[in-house]
>>> print(open('protein.cif').read())   # mmCIF, C-alpha atoms (C1' of nucleotides)
data_run
loop_
_atom_site.label_atom_id
_atom_site.label_comp_id
_atom_site.auth_asym_id
_atom_site.auth_seq_id
_atom_site.Cartn_x
_atom_site.Cartn_y
_atom_site.Cartn_z
CA MET A 1299 -0.97 0.91 53.11
CA SER A 1300 0.73 -0.90 50.27
CA ILE A 1301 4.22 0.02 51.36
CA ARG A 1302 3.75 -0.77 55.00
CA HIS A 1303 2.26 -4.17 54.35
CA GLY A 1304 4.55 -4.87 51.44
CA LEU A 1305 7.68 -4.35 53.50
CA LEU A 1306 6.15 -6.38 56.31
CA ALA A 1307 5.48 -9.22 53.90
CA LEU A 1308 9.07 -9.13 52.71
CA LEU A 1309 10.29 -9.27 56.30
CA THR A 1310 8.38 -12.49 56.89
CA ARG A 1311 10.85 -14.19 54.54
CA GLY A 1312 13.69 -13.40 56.88
CA PRO A 1313 15.63 -10.48 58.34
CA ARG A 1314 16.27 -7.69 55.89
CA TYR A 1315 17.86 -4.25 55.81
CA GLY A 1316 16.51 -1.14 54.17
CA TYR A 1317 18.21 -1.12 50.81
CA GLN A 1318 17.51 -4.80 50.41
CA LEU A 1319 13.82 -4.26 51.05
CA ARG A 1320 13.55 -1.59 48.42
CA ALA A 1321 15.39 -3.75 45.89
CA GLU A 1322 13.16 -6.76 46.55
CA PHE A 1323 10.00 -4.67 46.48
CA GLU A 1324 10.89 -3.15 43.13
CA THR A 1325 12.02 -6.47 41.71
CA ALA A 1326 8.77 -8.15 42.72
CA THR A 1327 6.59 -5.38 41.28
CA GLY A 1328 8.73 -4.85 38.22
CA GLY A 1329 9.52 -1.26 39.12
CA ALA A 1330 5.96 -0.24 38.38
CA TRP A 1331 5.91 1.90 41.51
CA PRO A 1332 9.38 3.12 42.37
CA LEU A 1333 9.95 3.21 46.09
CA ASN A 1334 11.81 6.09 47.64
CA ILE A 1335 14.51 4.84 49.98
CA GLY A 1336 13.63 7.43 52.60
CA GLN A 1337 10.15 6.00 52.79
CA VAL A 1338 11.61 2.59 53.58
CA TYR A 1339 13.34 3.84 56.68
CA THR A 1340 10.40 5.85 57.97
CA THR A 1341 8.14 2.86 57.39
CA LEU A 1342 10.55 0.55 59.18
CA GLY A 1343 10.51 2.97 62.09
CA ARG A 1344 6.72 2.84 62.19
CA LEU A 1345 6.66 -0.94 61.98
CA GLU A 1346 8.98 -1.05 64.97
CA ARG A 1347 6.93 1.56 66.82
CA ASP A 1348 3.82 -0.58 66.29
CA GLY A 1349 5.50 -3.78 67.44
CA LEU A 1350 5.37 -5.50 64.05
CA ALA A 1351 9.13 -5.55 63.51
CA VAL A 1352 12.26 -5.20 65.59
CA ARG A 1353 15.59 -3.74 64.70
CA GLY A 1354 18.20 -6.36 65.39
CA ALA A 1355 21.94 -6.14 65.66
CA GLU A 1356 24.05 -5.06 62.68
CA ASP A 1357 25.18 -7.80 60.37
CA ALA A 1358 28.76 -8.58 59.38
CA GLU A 1359 28.85 -5.67 56.93
CA GLY A 1360 27.42 -3.25 59.47
CA ARG A 1361 23.90 -3.11 58.01
CA HIS A 1362 20.89 -2.52 60.20
CA VAL A 1363 18.78 -5.62 59.98
CA TYR A 1364 15.08 -5.74 60.85
CA ALA A 1365 13.11 -8.85 61.72
CA VAL A 1366 9.38 -9.46 61.89
CA THR A 1367 7.74 -10.13 65.25
CA ASP A 1368 4.94 -12.59 65.96
CA ALA A 1369 2.45 -9.72 65.81
CA GLY A 1370 3.97 -8.68 62.49
CA ARG A 1371 3.68 -12.19 61.11
CA ALA A 1372 0.03 -12.29 62.16
CA GLU A 1373 -0.63 -8.91 60.58
CA ALA A 1374 0.99 -9.97 57.31
CA ALA A 1375 -1.12 -13.13 57.27
CA ARG A 1376 -4.22 -11.07 57.94
CA TRP A 1377 -3.30 -8.77 55.05
CA PHE A 1378 -2.92 -11.64 52.61
CA ALA A 1379 -6.14 -13.26 53.79
CA SER A 1380 -8.39 -10.20 53.65
CA PRO A 1381 -9.51 -8.94 50.24
CA VAL A 1382 -9.04 -5.35 49.13
CA GLY A 1383 -12.44 -3.71 49.46
CA ARG A 1384 -13.99 -0.85 47.58
CA ALA A 1385 -13.67 1.52 50.52
CA ASP A 1386 -9.93 0.81 50.71
CA ARG A 1387 -9.32 2.36 47.32
CA PRO A 1388 -8.63 6.03 46.86
CA ARG A 1389 -10.91 8.33 44.91
CA ASP A 1390 -10.72 7.73 41.19
CA GLU A 1391 -9.53 11.10 39.95
CA LEU A 1392 -10.72 10.50 36.42
CA ALA A 1393 -14.24 9.58 37.53
CA VAL A 1394 -14.40 12.62 39.78
CA LYS A 1395 -13.26 14.81 36.92
CA LEU A 1396 -15.80 13.48 34.47
CA ALA A 1397 -18.61 13.65 36.99
CA LEU A 1398 -17.84 17.29 37.72
CA ALA A 1399 -17.45 18.09 34.05
CA LEU A 1400 -20.86 16.61 33.35
CA THR A 1401 -22.84 18.37 36.04
CA GLY A 1402 -23.23 21.87 34.77
CA SER A 1403 -19.73 23.19 34.41
CA GLY A 1404 -18.85 24.99 31.22
CA VAL A 1405 -16.40 22.24 30.35
CA ASP A 1406 -16.32 20.48 27.00
CA VAL A 1407 -16.84 16.96 28.24
CA ARG A 1408 -16.17 15.41 24.88
CA ALA A 1409 -12.74 17.05 24.72
CA VAL A 1410 -11.87 15.74 28.17
CA VAL A 1411 -12.89 12.23 27.16
CA GLN A 1412 -10.92 12.44 23.93
CA ALA A 1413 -7.74 13.70 25.60
CA GLN A 1414 -7.94 11.00 28.23
CA ARG A 1415 -8.60 8.33 25.67
CA ALA A 1416 -5.53 9.27 23.65
CA SER A 1417 -3.37 9.29 26.75
CA THR A 1418 -4.65 5.96 28.02
CA LEU A 1419 -4.15 4.39 24.61
CA ALA A 1420 -0.54 5.57 24.60
CA THR A 1421 -0.12 4.11 28.07
CA MET A 1422 -1.48 0.80 26.88
CA ARG A 1423 0.89 0.67 23.94
CA ASP A 1424 3.77 1.39 26.30
CA LEU A 1425 2.72 -1.30 28.75
CA THR A 1426 2.26 -3.85 26.00
CA ARG A 1427 5.68 -3.07 24.61
CA ARG A 1428 7.32 -3.34 28.02
CA LYS A 1429 5.71 -6.69 28.64
CA LEU A 1430 7.77 -8.20 25.82
CA GLY A 1431 10.97 -7.81 27.78
CA VAL A 1432 9.66 -9.30 31.03
CA ALA A 1433 10.38 -12.88 32.06
CA GLU A 1434 9.46 -12.85 35.77
CA PRO A 1435 5.87 -14.03 36.19
CA ALA A 1436 5.15 -11.64 39.06
CA GLN A 1437 6.32 -8.66 37.05
CA ALA A 1438 4.27 -9.82 34.08
CA LEU A 1439 1.16 -10.01 36.23
CA VAL A 1440 1.69 -6.50 37.57
CA LEU A 1441 1.98 -5.25 34.02
CA ASP A 1442 -1.14 -7.23 33.13
CA ALA A 1443 -2.99 -5.57 35.99
CA GLN A 1444 -2.18 -2.18 34.56
CA ILE A 1445 -3.07 -3.29 31.06
CA PHE A 1446 -6.43 -4.66 32.18
CA GLN A 1447 -7.14 -1.42 34.02
CA ALA A 1448 -6.21 0.66 31.00
CA GLU A 1449 -8.48 -1.48 28.83
CA ALA A 1450 -11.33 -0.99 31.26
CA GLU A 1451 -10.71 2.73 31.22
CA ILE A 1452 -10.89 2.85 27.44
CA ARG A 1453 -14.12 0.88 27.50
CA TRP A 1454 -15.54 3.21 30.11
CA LEU A 1455 -14.53 6.31 28.17
CA ASP A 1456 -16.23 4.95 25.07
CA HIS A 1457 -19.25 4.17 27.19
CA CYS A 1458 -19.22 7.77 28.43
CA GLU A 1459 -19.06 9.13 24.92
CA ARG A 1460 -22.00 7.00 23.85
CA SER A 1461 -23.94 8.32 26.84
CA LEU A 1462 -23.26 11.87 25.76
CA ARG A 1463 -25.45 11.45 22.71
CA MET B 1197 -5.50 15.81 44.38
CA SER B 1198 -9.09 14.85 43.59
CA ILE B 1199 -10.57 16.88 46.41
CA ARG B 1200 -8.50 19.98 45.86
CA HIS B 1201 -9.26 20.10 42.15
CA GLY B 1202 -12.81 18.95 42.60
CA LEU B 1203 -13.66 21.77 44.98
CA LEU B 1204 -11.86 24.22 42.72
CA ALA B 1205 -13.95 23.04 39.79
CA LEU B 1206 -17.13 23.56 41.79
CA LEU B 1207 -16.03 27.07 42.69
CA THR B 1208 -15.71 27.98 39.00
CA ARG B 1209 -19.50 27.76 38.80
CA GLY B 1210 -19.87 30.57 41.26
CA PRO B 1211 -19.18 31.48 44.89
CA ARG B 1212 -19.84 28.66 47.32
CA TYR B 1213 -19.54 27.96 51.03
CA GLY B 1214 -18.16 24.84 52.66
CA TYR B 1215 -21.25 22.81 53.34
CA GLN B 1216 -22.56 23.59 49.89
CA LEU B 1217 -19.35 22.33 48.29
CA ARG B 1218 -19.53 19.04 50.10
CA ALA B 1219 -23.17 18.58 49.13
CA GLU B 1220 -22.50 19.32 45.46
CA PHE B 1221 -19.40 17.13 45.38
CA GLU B 1222 -21.28 14.17 46.82
CA THR B 1223 -24.28 14.74 44.61
CA ALA B 1224 -22.14 14.83 41.50
CA THR B 1225 -20.23 11.68 42.39
CA GLY B 1226 -23.26 9.87 43.74
CA GLY B 1227 -21.78 9.56 47.20
CA ALA B 1228 -19.23 7.06 45.97
CA TRP B 1229 -16.52 8.79 47.96
CA PRO B 1230 -17.96 10.49 51.03
CA LEU B 1231 -16.24 13.74 51.78
CA ASN B 1232 -15.45 14.69 55.34
CA ILE B 1233 -16.58 18.23 56.05
CA GLY B 1234 -13.37 19.03 57.91
CA GLN B 1235 -11.42 18.27 54.78
CA VAL B 1236 -13.46 20.84 52.89
CA TYR B 1237 -12.41 23.64 55.18
CA THR B 1238 -8.74 22.70 55.30
CA THR B 1239 -8.75 22.41 51.51
CA LEU B 1240 -10.43 25.79 51.15
CA GLY B 1241 -7.73 27.24 53.38
CA ARG B 1242 -5.04 25.76 51.15
CA LEU B 1243 -6.73 27.02 47.99
CA GLU B 1244 -6.74 30.50 49.48
CA ARG B 1245 -3.13 30.15 50.63
CA ASP B 1246 -2.13 29.22 47.07
CA GLY B 1247 -4.02 32.10 45.51
CA LEU B 1248 -6.59 29.92 43.72
CA ALA B 1249 -9.57 31.09 45.74
CA VAL B 1250 -10.47 33.98 47.98
CA ARG B 1251 -12.71 34.10 50.98
CA GLY B 1252 -15.29 36.79 50.36
CA ALA B 1253 -17.70 38.47 52.68
CA GLU B 1254 -20.38 36.53 54.49
CA ASP B 1255 -23.66 36.17 52.68
CA ALA B 1256 -27.10 37.15 53.96
CA GLU B 1257 -27.29 34.05 56.16
CA GLY B 1258 -23.82 34.63 57.57
CA ARG B 1259 -22.11 31.88 55.58
CA HIS B 1260 -18.48 32.16 54.57
CA VAL B 1261 -18.44 32.29 50.80
CA TYR B 1262 -15.38 31.48 48.72
CA ALA B 1263 -14.80 32.54 45.13
CA VAL B 1264 -12.32 31.35 42.54
CA THR B 1265 -9.56 33.68 41.36
CA ASP B 1266 -8.21 34.00 37.82
CA ALA B 1267 -5.32 31.73 38.77
CA GLY B 1268 -7.82 29.25 40.17
CA ARG B 1269 -9.88 29.35 37.00
CA ALA B 1270 -6.75 28.69 34.96
CA GLU B 1271 -5.73 25.82 37.22
CA ALA B 1272 -9.17 24.24 36.96
CA ALA B 1273 -9.05 24.53 33.18
CA ARG B 1274 -5.59 22.95 33.18
CA TRP B 1275 -6.89 20.10 35.32
CA PHE B 1276 -9.76 19.36 32.96
CA ALA B 1277 -7.50 19.60 29.92
CA SER B 1278 -4.68 17.34 31.15
CA PRO B 1279 -5.29 13.60 31.22
CA VAL B 1280 -4.72 11.48 34.31
CA GLY B 1281 -1.45 9.67 33.78
CA ARG B 1282 -0.19 6.37 35.04
CA ALA B 1283 2.25 8.01 37.44
CA ASP B 1284 -0.59 10.01 39.00
CA ARG B 1285 -2.29 6.92 40.31
CA PRO B 1286 -1.47 5.40 43.64
CA ARG B 1287 0.01 1.97 44.04
CA ASP B 1288 -2.48 -0.79 43.32
CA GLU B 1289 -2.61 -2.60 46.64
CA LEU B 1290 -4.01 -5.77 45.11
CA ALA B 1291 -1.29 -6.00 42.48
CA VAL B 1292 1.39 -5.40 45.10
CA LYS B 1293 -0.12 -8.10 47.26
CA LEU B 1294 -0.28 -10.67 44.50
CA ALA B 1295 3.23 -9.87 43.30
CA LEU B 1296 4.64 -10.35 46.78
CA ALA B 1297 2.61 -13.51 47.32
CA LEU B 1298 4.01 -14.95 44.11
CA THR B 1299 7.68 -14.26 44.71
CA GLY B 1300 8.69 -16.81 47.22
CA SER B 1301 6.57 -16.13 50.25
CA GLY B 1302 4.92 -19.08 51.93
CA VAL B 1303 1.51 -17.71 50.98
CA ASP B 1304 -1.17 -19.74 49.25
CA VAL B 1305 -1.59 -17.55 46.19
CA ARG B 1306 -4.62 -19.42 44.97
CA ALA B 1307 -6.43 -18.76 48.24
CA VAL B 1308 -5.66 -15.05 48.00
CA VAL B 1309 -7.00 -14.95 44.46
CA GLN B 1310 -10.14 -16.85 45.43
CA ALA B 1311 -10.89 -14.62 48.41
CA GLN B 1312 -10.43 -11.49 46.34
CA ARG B 1313 -12.52 -12.84 43.53
CA ALA B 1314 -15.43 -13.57 45.82
CA SER B 1315 -15.20 -10.13 47.38
CA THR B 1316 -14.99 -8.34 44.06
CA LEU B 1317 -17.95 -10.30 42.71
CA ALA B 1318 -20.00 -9.25 45.71
CA THR B 1319 -18.95 -5.65 45.10
CA MET B 1320 -20.06 -5.92 41.51
CA ARG B 1321 -23.45 -7.26 42.45
CA ASP B 1322 -23.86 -4.42 44.90
CA LEU B 1323 -22.86 -1.80 42.34
CA THR B 1324 -25.17 -3.25 39.72
CA ARG B 1325 -28.05 -3.26 42.17
CA ARG B 1326 -27.39 0.32 43.20
CA LYS B 1327 -27.31 1.47 39.62
CA LEU B 1328 -30.99 0.61 39.26
CA GLY B 1329 -31.98 3.41 41.59
CA VAL B 1330 -29.87 6.10 39.94
CA ALA B 1331 -31.31 8.62 37.51
CA GLU B 1332 -28.56 11.27 37.38
CA PRO B 1333 -26.27 10.55 34.41
CA ALA B 1334 -23.12 11.67 36.23
CA GLN B 1335 -23.85 9.36 39.13
CA ALA B 1336 -24.55 6.53 36.74
CA LEU B 1337 -21.21 7.05 35.03
CA VAL B 1338 -19.35 7.01 38.32
CA LEU B 1339 -21.02 3.74 39.18
CA ASP B 1340 -20.15 2.45 35.72
CA ALA B 1341 -16.52 3.37 36.28
CA GLN B 1342 -16.47 1.24 39.39
CA ILE B 1343 -18.29 -1.58 37.65
CA PHE B 1344 -15.87 -1.56 34.73
CA GLN B 1345 -12.97 -1.60 37.15
CA ALA B 1346 -14.44 -4.49 39.08
CA GLU B 1347 -14.97 -6.41 35.85
CA ALA B 1348 -11.36 -5.81 34.87
CA GLU B 1349 -10.25 -7.02 38.26
CA ILE B 1350 -12.21 -10.23 37.90
CA ARG B 1351 -10.73 -10.80 34.47
CA TRP B 1352 -7.26 -10.16 35.82
CA LEU B 1353 -7.76 -12.53 38.74
CA ASP B 1354 -8.89 -15.26 36.37
CA HIS B 1355 -5.88 -14.51 34.23
CA CYS B 1356 -3.68 -14.88 37.31
CA GLU B 1357 -5.21 -18.18 38.19
CA ARG B 1358 -4.63 -19.49 34.68
CA SER B 1359 -1.01 -18.38 34.95
CA LEU B 1360 -0.60 -20.36 38.14
CA ARG B 1361 -0.96 -23.61 36.29
"C1'" DC C 121 41.46 12.45 43.19
"C1'" DA C 122 36.77 12.45 41.77
"C1'" DC C 123 32.88 10.01 41.01
"C1'" DC C 124 29.53 6.46 41.61
"C1'" DG C 125 26.91 2.95 44.11
"C1'" DC C 126 25.68 1.25 48.60
"C1'" DA C 127 23.66 2.31 52.95
"C1'" DT C 128 21.31 4.98 56.62
"C1'" DG C 129 18.90 8.40 58.04
"C1'" DT C 130 16.37 13.37 58.90
"C1'" DA C 131 13.51 17.48 57.80
"C1'" DA C 132 9.98 19.73 55.47
"C1'" DC C 133 5.97 19.47 53.20
"C1'" DG C 134 1.34 18.03 51.12
"C1'" DT C 135 -2.74 15.45 51.26
"C1'" DG C 136 -6.15 13.11 53.57
"C1'" DT C 137 -8.71 11.06 57.78
"C1'" DT C 138 -10.74 11.16 62.27
"C1'" DA C 139 -12.16 13.18 66.26
"C1'" DC C 140 -13.42 17.03 68.72
"C1'" DA C 141 -15.51 21.71 69.87
"C1'" DT C 142 -18.61 25.41 68.98
"C1'" DG C 143 -22.74 27.88 67.72
"C1'" DA C 144 -27.28 28.75 65.17
"C1'" DT C 145 -31.58 27.10 63.56
"C1'" DT C 146 -35.39 24.09 63.12
"C1'" DC C 147 -38.67 20.82 64.55
"C1'" DA C 148 -41.10 17.37 67.35
"C1'" DT D 1165 -36.94 21.26 76.11
"C1'" DG D 1166 -34.27 18.30 73.57
"C1'" DA D 1167 -32.61 16.37 69.30
"C1'" DA D 1168 -31.28 16.85 64.64
"C1'" DT D 1169 -29.40 19.48 61.02
"C1'" DC D 1170 -26.71 23.24 59.28
"C1'" DA D 1171 -22.39 25.50 59.48
"C1'" DT D 1172 -17.52 26.49 60.69
"C1'" DG D 1173 -13.51 25.34 62.25
"C1'" DT D 1174 -9.08 23.09 64.92
"C1'" DA D 1175 -5.92 19.38 66.46
"C1'" DA D 1176 -3.77 15.15 66.05
"C1'" DC D 1177 -2.36 11.80 63.25
"C1'" DA D 1178 -0.95 8.66 59.19
"C1'" DC D 1179 0.96 8.09 54.89
"C1'" DG D 1180 3.72 9.40 51.19
"C1'" DT D 1181 7.13 12.43 48.53
"C1'" DT D 1182 11.16 15.17 47.93
"C1'" DA D 1183 15.26 16.96 49.14
"C1'" DC D 1184 19.13 16.95 51.85
"C1'" DA D 1185 23.18 15.19 54.69
"C1'" DT D 1186 26.36 11.72 55.96
"C1'" DG D 1187 29.69 7.92 55.53
"C1'" DC D 1188 31.90 3.85 53.27
"C1'" DG D 1189 34.00 1.41 49.50
"C1'" DG D 1190 35.40 0.58 44.88
"C1'" DT D 1191 36.88 2.24 40.23
"C1'" DG D 1192 38.56 5.13 36.48
#
>>> encode(input="protein.cif", output="structure tokens")
Amino acid sequence: MSIRHGLLALLTRGPRYGYQLRAEFETATGGAWPLNIGQVYTTLGRLERDGLAVRGAEDAEGRHVYAVTDAGRAEAARWFASPVGRADRPRDELAVKLALALTGSGVDVRAVVQAQRASTLATMRDLTRRKLGVAEPAQALVLDAQIFQAEAEIRWLDHCERSLR
Amino acid sequence: MSIRHGLLALLTRGPRYGYQLRAEFETATGGAWPLNIGQVYTTLGRLERDGLAVRGAEDAEGRHVYAVTDAGRAEAARWFASPVGRADRPRDELAVKLALALTGSGVDVRAVVQAQRASTLATMRDLTRRKLGVAEPAQALVLDAQIFQAEAEIRWLDHCERSLR
DNA sequence: CACCGCATGTAACGTGTTACATGATTCA
DNA sequence: TGAATCATGTAACACGTTACATGCGGTG
């Protein structure tokens, strides 16, 4: 529910229209997760359906402006206040893959670990390089989040390889 | 696509029926991501639709057994051979939240970080405790993956808090 | 004029979740 | 007998992605 809550959070800063929301979302997150414009409109429709936002009149340039409702403001506050729990996260595809490779499939586990390690290292180099050109603190922190995760993945892969012996 | 590929990987070990697939999936992953039984059947239907598995005759106990096809075997091999890339992963809800909290919303970023940190620490304690009772190496590695991720999250949160000053 | 960027949407599709319905077997 | 477990499925729904269609305005 990152998109839904993200757009809602942006709306709490003031009325916004679709294109504007996508631009602000991508600016804030440094384009780490590009947001399809179609998704913005369907999400806005659902926010309105659920009483968290209302579609107001068109502005001077004829854009369709949405505004947050009281319920939407409360929901956004609730989102910021409640931590992201373990159950909220999707299945970790890599962990699933390794677990299945380990338990009696004919797969060469070491090869899987090696391939993943090389790929994750390349990712980390890329992220580190991209961080040099970033001035916005929010964007830098998003990049840092990905870097920290990639580091943890490398550590885990090495840990897996040690366990194989 | 963890479920789809996970079930496919299990089928490469031999013909299986729905309940059996769920049991083996949860055993391999240590129950970290419980798998709804309904999802197993819909996924099996899609695997058959896509030519990756076929529904064979019922076994002696009247169970509906599925078997992997050549195409399915190839797809499973491709899955194991290709690393999980950055674009494959879903949006990190926590990073999105922090990024939006930082960029000019009226939110107390420090409070968000503190709440998340406490929650993630509790998660880590729970995972560490649960690891004591685990003997299966695959299950232990899945738990380790979550522990490593939680550690990285704590480090990142501390990094965020330092950046706030 | 053609093309591009802005702006709004819709349709089709895939994955995943939950809830519900059904029947057989086993066990207290 | 009644409850739990095994086993198979369907229906409704939510979220997200992609592709497509439309219209406006500016620019080469």
>>> closest_residue(input="protein.cif", among="B:Arg1351, B:Arg1326, B:His1260, B:Arg1358", to="chain A", atoms="all atoms listed in the file")
B:Arg1351
>>> axis_aligned_box(input="protein.cif", around="segment 1171-1188 of chain D", padding_each_side="6 Å", output="lines of an AutoDock Vina configuration file")
center_x = 4.8
center_y = 15.2
center_z = 57.2
size_x = 66.3
size_y = 34.6
size_z = 30.5
>>> interface_residues(input="protein.cif", of="chain B", to="chain A", cutoff="6 Å", atoms="only C-alpha atoms", output="PyMOL selection string")
chain B and resi 1198+1224-1225+1279+1289+1291+1295+1312+1334+1338+1344+1348
>>> resolve_selection(input="protein.cif", expression="the PyMOL selection byres ((chain D and resi 1176) around 9)", output="MDAnalysis selection string")
(chainID C and resid 138:139) or (chainID D and resid 1175 1177)
>>> interface_residues(input="protein.cif", of="chain B", to="chain C", cutoff="12 Å", atoms="only C-alpha atoms (C1' of nucleotides)", output="list in words")
Met1197, Ser1198, Ile1199, Arg1200, Pro1230, Leu1231, Asn1232, Ile1233, Gly1234, Gln1235, Val1236, Thr1238, Thr1239, Arg1242, Glu1257, Gly1258 and Arg1259 of chain B
>>> interface_residues(input="protein.cif", of="chain D", to="chain A", cutoff="9 Å", atoms="all atoms listed in the file", output="list in words")
DC1179, DG1180 and DT1181 of chain D
>>> write_last_selection(input="protein.cif", atoms="C-alpha atoms (C1' of nucleotides)", output="CSV table (one decimal), in the frame of the given file")
chain,number,residue,atom,x,y,z
D,1179,DC,C1',1.0,8.1,54.9
D,1180,DG,C1',3.7,9.4,51.2
D,1181,DT,C1',7.1,12.4,48.5
>>> atom_distance(input="protein.cif", atom1="atom CA of Ala1321 of chain A", atom2="atom CA of Arg1423 of chain A")
26.7 Å
>>> atom_distance(input="protein.cif", atom1="atom CA of Ala1369 of chain A", atom2="atom CA of Ala1351 of chain A")
8.2 Å
>>> atom_distance(input="protein.cif", atom1="atom CA of Ala1358 of chain A", atom2="atom C1' of DG1190 of chain D")
18.4 Å
>>> resolve_selection(input="protein.cif", expression="the PyMOL selection byres ((chain D and resi 1171) around 7)", output="list in words")
Tyr1215 of chain B; DC1170 and DT1172 of chain D
>>> residues_around(input="protein.cif", residues="Asp1255 of chain B", least_positions_apart="4", cutoff="12 Å", atoms="all atoms listed in the file", output="ChimeraX atom specification")
/B:1211-1213,1251,1259-1262
>>> write_last_selection(input="protein.cif", atoms="C-alpha atoms", output="PDB file, in the coordinates of the input")
ATOM      1  CA  PRO B1211     -19.180  31.480  44.890  1.00  0.00           C
ATOM      2  CA  ARG B1212     -19.840  28.660  47.320  1.00  0.00           C
ATOM      3  CA  TYR B1213     -19.540  27.960  51.030  1.00  0.00           C
ATOM      4  CA  ARG B1251     -12.710  34.100  50.980  1.00  0.00           C
ATOM      5  CA  ARG B1259     -22.110  31.880  55.580  1.00  0.00           C
ATOM      6  CA  HIS B1260     -18.480  32.160  54.570  1.00  0.00           C
ATOM      7  CA  VAL B1261     -18.440  32.290  50.800  1.00  0.00           C
ATOM      8  CA  TYR B1262     -15.380  31.480  48.720  1.00  0.00           C
TER       9      TYR B1262
END
